[in-house]
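Colleague: Quick one: structure below, then a few questions.
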Amino acid sequence: MAQDTFFITTPIYYVNGEPHLGHAYTTVAADAIARWQRFRGRDVFFLTGTDEHGQKVYQTALSRGLTPQQHCDELTVPFRALFDRLLCSYDDYIRTTEPRHTRVVQAILQTLYDNGDIYADSYEGWYSTTAERFWAEDELVDGKCPDTGQPVEWLAEDNYYFKMASYADRFRQWIHDHPDFIEPVARRNEVLGLLKKEVGDLCITRPKSRLPWGIPIPWDDGFVTYVWFDALINYISAPGYRSQDPETEARFERLWPADYHLLGKDILTTHSLYWATMLFAMGLPPARTLYAHGWWTNTGVKMSKSLGNVVDPNLLIDAYGADAVRYFFLREIPFGNDGDFSHDSFLVRYNAELANDLGNLAHRALSMTGKWLGGTVPPVGDVTADDQALWDLAADVVPRFADLIEALDYRGALGALMTLAGAGNKYIDTQQPWALNKRGETTRLGTVMRHVLELCRVAGTLLSTVCPTKGPELLGKLGLTLAPLGAGGLADLARLDVLVHGSPIAAGDPLFPRLTELPDIVKASLPDQPVQAPKKKKKKSKKKAAPKEPITFDDFGRLDLRAGVVVEAGPHPDADRLLVLQVDIGEERPRSIVAGIASRFAPAELVGRTVVVVANLVPAELRGVLSEGMLLAAGGKRVVDLATFADPVTPGTVVR
Ligand code: MSP
């Protein structure tokens, strides 16, 4: 029988400090998918939680003068509170110090030991306290831990080992047989690369004399479980594996294998090699897909507690509201890539898309209907070609949004959603409802407003996945509540004649009020050198505004500018910042153009777009890919938008 369950997990977070933006990110990403799948009618289990064992947690507890358990009980609270504030609808929150977890870890250890998958041995090697693992001599970088850059010490100790090596071939085969097992594809290749080296067995204990904090090994008093061996098991202990409770065990049977483990790219080896081989030894299949996302950086450096460069997500929620924070997280950078956080880009993105495009559409639709049509949903009259174009767009965007979000292309999905807002605003501009009202053409006015109200319904429904307050708020203005997708599926959602004629609507307050400057709490939180930061900004804007030397008409005439249409777009194989586009400018074959716009656009958003191409730029290779032209764009280093035309223009048309 087909099972309509959907199981998604986040990593469980170490409780060795307050949560930061990186922790908030994965949980928000998982939440959006969980909400979408619930909307599609699936029985969702969304799991998150905290990882409470290991050396780092132990040391932090000691440094605070608390027992490790007291420390964990305290520090798990802000994680949970943050996820609640971020409107994350997790179904379970596991803590690895809970008996429901420790019991299962011990049961698994005992079984693997009894089966001969775990054996005792002694080992000598370079140990990194910060990474909590041994490294081979040739893995060290400048004699230091390759993961953390911290010093290592030579240690010899007895321990227990899991026979990971004996499952390595099966693991390799699994990756080959399941192309979707590790995503994005670059990460899959990374793991395949790792497997070219010989896989060893995994040390899964720590002597209590060195680390007393961990799950005791059931058959030997002298050891606790290695934190990763314990932590990964949360993905099966939480849903109910070996819980000895028939109901939760049955739930586990329904849910496993998980659909998605979301994780940061730094913990891919543990989630792929360690976890899959552990599951093989237990006789279970691995999750369907591990998706390793990129890192949020701060001026190019990974945000991390140890580097002290983290952004506090609670501050962002206070300043901008949870919905906008969630939107920014998922829209700003492609999920698999790294990206820099800055309040300036937050403001630009927020104002351009939430306040201007979407907020404006909603406000115009609702207030014009209120003003000229008595604040109720008008009937649909004759449908013109312009109206039909909106129908076609909605019919295209809705399934595209579904495909993209289900493939974790949040950026693309939200980009698709924003095309509805853009088209809606453009439709209002061309239909000119104010003129229709003036001329007393009420039937046509009603039809026009009905179409934009319907677009708001579609946009509000899709938006609810990422903005769980604002999406339903928009629907509420239309007199609707968010309901799971009906029997008519996505096709019905995309129809533009769903609202009920005569039902009341209300404009109310703007959904996303425009932000004219950074909120005061943000300004107050910015680094201690307030003089330096604005200075830098000033310099930038000066640079932008500085007039260039005058050119003659002839100078300008040397530019061959052409209208083009993007026919294909994809990532650059060797640079996260760049996209490779195929642009039709009316020649025999499309031009290959490399553009530094990956932080602004997902490839899918660009296909079909009309652009302006500098066609006589001398071709050049950019990081190994030929670029035969350049696109005109607004913005400096940070591209805001591409130059385009309001109406379709034939590829190759000269631009002056
Ligand atoms: N406890 C382990 C995970 C065990 S899962 C069985 C752990 N915890 S962590 O708190 O250090 O990191 C948790 C997650 O946060 C990881 O996926 C990590 O990639 C992510 N992030 C930490 N800093 C990050 C950024 N700056 N940006 C994005 N995510 C990052 O590892």
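If you're wondering about the labels, chains in the structure tokens are A, B, ... by order shown, residues count from 1 in each chain, ligands from 1 in order shown.
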For ligand 1, return the neighbouring residues as a list in words (distance at most 7 Å; only C-alpha atoms and all ligand atoms).
Modeller: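 Sorted by chain and then by number, the residues are Pro11, Ile12, Tyr13, Tyr14, Leu21, Gly22, His23, Tyr25, Thr26, Asp51, Trp228, Ala231, Leu232, Asn234, Leu263, Gly264, Lys265, Asp266, Ile267, Gly294, Trp295, Trp296, Thr297, Lys302, Met303 and Ser304 of chain A.
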Colleague: Name the residues of range 138-239 of chain A that fall into strand (DSSP E) according to DSSP on the backbone, using the chain letters and numbers of this document, as a list in words.
Modeller: Glu153, Trp154, Leu155, Ala156, Glu157, Asp158, Asn159, Tyr160, Tyr161, Phe162, Ile182, Glu183, Leu202, Cys203, Thr205, Arg206, Pro207, Phe223, Val224 and Thr225 of chain A
Colleague: Output N, CA, C and O atoms of each residue in that selection to a file, as an mmCIF file, in the first residue's frame.
Modeller:
```
data_model
loop_
_atom_site.group_PDB
_atom_site.id
_atom_site.type_symbol
_atom_site.label_atom_id
_atom_site.label_comp_id
_atom_site.auth_asym_id
_atom_site.auth_seq_id
_atom_site.Cartn_x
_atom_site.Cartn_y
_atom_site.Cartn_z
ATOM 1 N N GLU A 153 46.504 16.398 19.923
ATOM 2 C CA GLU A 153 47.441 15.755 20.855
ATOM 3 C C GLU A 153 47.530 14.268 20.542
ATOM 4 O O GLU A 153 46.575 13.670 20.030
ATOM 5 N N TRP A 154 48.711 13.667 20.855
ATOM 6 C CA TRP A 154 48.905 12.239 20.585
ATOM 7 C C TRP A 154 48.280 11.452 21.723
ATOM 8 O O TRP A 154 48.576 11.655 22.885
ATOM 9 N N LEU A 155 47.361 10.569 21.386
ATOM 10 C CA LEU A 155 46.673 9.795 22.425
ATOM 11 C C LEU A 155 46.713 8.310 22.068
ATOM 12 O O LEU A 155 46.634 7.954 20.892
ATOM 13 N N ALA A 156 46.828 7.472 23.101
ATOM 14 C CA ALA A 156 46.713 6.030 22.889
ATOM 15 C C ALA A 156 45.629 5.550 23.833
ATOM 16 O O ALA A 156 45.639 5.894 25.009
ATOM 17 N N GLU A 157 44.671 4.814 23.295
ATOM 18 C CA GLU A 157 43.648 4.306 24.218
ATOM 19 C C GLU A 157 42.917 3.087 23.680
ATOM 20 O O GLU A 157 42.882 2.843 22.473
ATOM 21 N N ASP A 158 42.332 2.319 24.630
ATOM 22 C CA ASP A 158 41.486 1.178 24.259
ATOM 23 C C ASP A 158 40.101 1.728 23.972
ATOM 24 O O ASP A 158 39.658 2.668 24.632
ATOM 25 N N ASN A 159 39.447 1.137 23.023
ATOM 26 C CA ASN A 159 38.099 1.580 22.684
ATOM 27 C C ASN A 159 37.337 0.471 21.988
ATOM 28 O O ASN A 159 37.896 -0.593 21.688
ATOM 29 N N TYR A 160 36.081 0.742 21.708
ATOM 30 C CA TYR A 160 35.289 -0.182 20.887
ATOM 31 C C TYR A 160 35.105 0.433 19.505
ATOM 32 O O TYR A 160 34.989 1.660 19.369
ATOM 33 N N TYR A 161 35.078 -0.471 18.529
ATOM 34 C CA TYR A 161 35.005 -0.040 17.124
ATOM 35 C C TYR A 161 33.806 -0.659 16.433
ATOM 36 O O TYR A 161 33.474 -1.821 16.684
ATOM 37 N N PHE A 162 33.217 0.145 15.570
ATOM 38 C CA PHE A 162 32.134 -0.359 14.717
ATOM 39 C C PHE A 162 32.758 -0.748 13.376
ATOM 40 O O PHE A 162 33.543 0.013 12.805
ATOM 41 N N ILE A 182 22.303 11.647 -2.261
ATOM 42 C CA ILE A 182 23.024 12.805 -1.729
ATOM 43 C C ILE A 182 22.871 13.976 -2.693
ATOM 44 O O ILE A 182 23.208 13.871 -3.872
ATOM 45 N N GLU A 183 22.361 15.076 -2.196
ATOM 46 C CA GLU A 183 22.196 16.268 -3.017
ATOM 47 C C GLU A 183 22.804 17.461 -2.303
ATOM 48 O O GLU A 183 22.866 17.454 -1.068
ATOM 49 N N LEU A 202 35.056 2.504 12.655
ATOM 50 C CA LEU A 202 34.747 3.739 13.381
ATOM 51 C C LEU A 202 34.828 3.516 14.887
ATOM 52 O O LEU A 202 34.167 2.607 15.414
ATOM 53 N N CYS A 203 35.651 4.342 15.526
ATOM 54 C CA CYS A 203 35.775 4.265 16.978
ATOM 55 C C CYS A 203 34.495 4.863 17.586
ATOM 56 O O CYS A 203 34.180 6.025 17.352
ATOM 57 N N THR A 205 33.455 4.664 20.984
ATOM 58 C CA THR A 205 33.380 4.882 22.438
ATOM 59 C C THR A 205 34.419 5.899 22.877
ATOM 60 O O THR A 205 35.347 6.216 22.128
ATOM 61 N N ARG A 206 34.259 6.388 24.082
ATOM 62 C CA ARG A 206 35.271 7.213 24.730
ATOM 63 C C ARG A 206 35.425 6.659 26.144
ATOM 64 O O ARG A 206 34.407 6.387 26.812
ATOM 65 N N PRO A 207 36.679 6.484 26.597
ATOM 66 C CA PRO A 207 36.848 5.992 27.966
ATOM 67 C C PRO A 207 36.279 7.014 28.953
ATOM 68 O O PRO A 207 36.493 8.218 28.785
ATOM 69 N N PHE A 223 33.179 2.806 29.572
ATOM 70 C CA PHE A 223 33.081 3.619 28.352
ATOM 71 C C PHE A 223 31.715 4.274 28.174
ATOM 72 O O PHE A 223 30.698 3.748 28.623
ATOM 73 N N VAL A 224 31.758 5.427 27.490
ATOM 74 C CA VAL A 224 30.501 6.016 27.008
ATOM 75 C C VAL A 224 30.518 6.024 25.478
ATOM 76 O O VAL A 224 31.574 5.860 24.861
ATOM 77 N N THR A 225 29.346 6.257 24.893
ATOM 78 C CA THR A 225 29.212 6.216 23.429
ATOM 79 C C THR A 225 29.750 7.512 22.807
ATOM 80 O O THR A 225 29.512 8.603 23.333
#
```
Colleague: Could you tell me, as a ChimeraX atom specification, which residues of range 19-77 of chain A DSSP assigns to helix (DSSP H, G or I) when given the backbone?
Modeller: /A:21-39,55-63,68-77
Colleague: Find the residue from A:Gln431, A:Thr469, A:Thr376, A:Thr369 that sits nearest to Ala324 in chain A; use only C-alpha atoms when measuring.
Modeller: A:Thr469
Colleague: Which distance in Å separates CA of Glu137 in chain A and CA of Ser122 in chain A, to one decimal?
Modeller: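 The value is 17.2 Å.
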Colleague: I'd like the contact shell of range 43-49 of chain A - 9 Å cut-off, only C-alpha atoms, skipping same-chain residues fewer than 6 positions apart - returned as a PyMOL selection string.
Modeller: chain A and resi 3-13+27+30-31+34-35+37+76+79-80+89-96+234-235+238-239+255
Colleague: Could the residues in this selection be written to a file with C-alpha atoms, as an mmCIF file, in the first residue's frame?
Modeller:
```cif
data_model
loop_
_atom_site.group_PDB
_atom_site.id
_atom_site.type_symbol
_atom_site.label_atom_id
_atom_site.label_comp_id
_atom_site.auth_asym_id
_atom_site.auth_seq_id
_atom_site.Cartn_x
_atom_site.Cartn_y
_atom_site.Cartn_z
ATOM 1 C CA GLN A 3 2.195 5.325 2.287
ATOM 2 C CA ASP A 4 1.334 8.962 2.316
ATOM 3 C CA THR A 5 3.730 9.849 5.078
ATOM 4 C CA PHE A 6 6.495 12.397 4.839
ATOM 5 C CA PHE A 7 9.386 12.437 7.293
ATOM 6 C CA ILE A 8 11.855 15.325 7.363
ATOM 7 C CA THR A 9 14.630 16.005 9.865
ATOM 8 C CA THR A 10 17.098 18.722 10.792
ATOM 9 C CA PRO A 11 20.424 18.077 12.488
ATOM 10 C CA ILE A 12 20.136 18.135 16.255
ATOM 11 C CA TYR A 13 22.008 21.126 17.564
ATOM 12 C CA THR A 27 14.979 24.360 10.845
ATOM 13 C CA ALA A 30 12.661 21.971 6.972
ATOM 14 C CA ASP A 31 9.573 23.749 8.243
ATOM 15 C CA ALA A 34 6.809 20.246 6.224
ATOM 16 C CA ARG A 35 4.129 22.904 5.760
ATOM 17 C CA GLN A 37 3.663 18.616 2.364
ATOM 18 C CA THR A 76 17.969 23.407 25.126
ATOM 19 C CA PHE A 79 16.771 26.490 20.843
ATOM 20 C CA ARG A 80 13.213 25.392 21.265
ATOM 21 C CA SER A 89 5.880 23.476 13.193
ATOM 22 C CA TYR A 90 8.026 20.545 14.337
ATOM 23 C CA ASP A 91 6.112 17.430 15.349
ATOM 24 C CA ASP A 92 8.780 16.222 17.734
ATOM 25 C CA TYR A 93 11.729 17.794 19.487
ATOM 26 C CA ILE A 94 14.204 15.219 20.697
ATOM 27 C CA ARG A 95 16.892 15.685 23.305
ATOM 28 C CA THR A 96 19.567 13.018 23.328
ATOM 29 C CA ASN A 234 17.906 10.316 17.063
ATOM 30 C CA TYR A 235 16.473 10.043 13.562
ATOM 31 C CA ALA A 238 12.318 9.764 17.962
ATOM 32 C CA PRO A 239 9.814 8.227 15.565
ATOM 33 C CA LEU A 255 7.822 6.698 8.495
#
```
Colleague: Using only C-alpha atoms, which of A:Gly570, A:Pro313, A:Pro619, A:Gly564 sits nearest Thr653 in chain A?
Modeller: A:Gly564
Colleague: Point out the residue among A:Arg514, A:His178, A:Arg288, A:Lys144 with the least atom-to-atom distance to Ala131 in chain A, counting only C-alpha atoms.
Modeller: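 Of the candidates, the smallest distance to Ala131 in chain A is held by A:Lys144.
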Colleague: Could you work out how far CA of Val612 in chain A lies from CA of Arg562 in chain A, giving the answer in Å with one decimal?
Modeller: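 Pair CA of Arg562 in chain A / CA of Val612 in chain A returns 5.7 Å.
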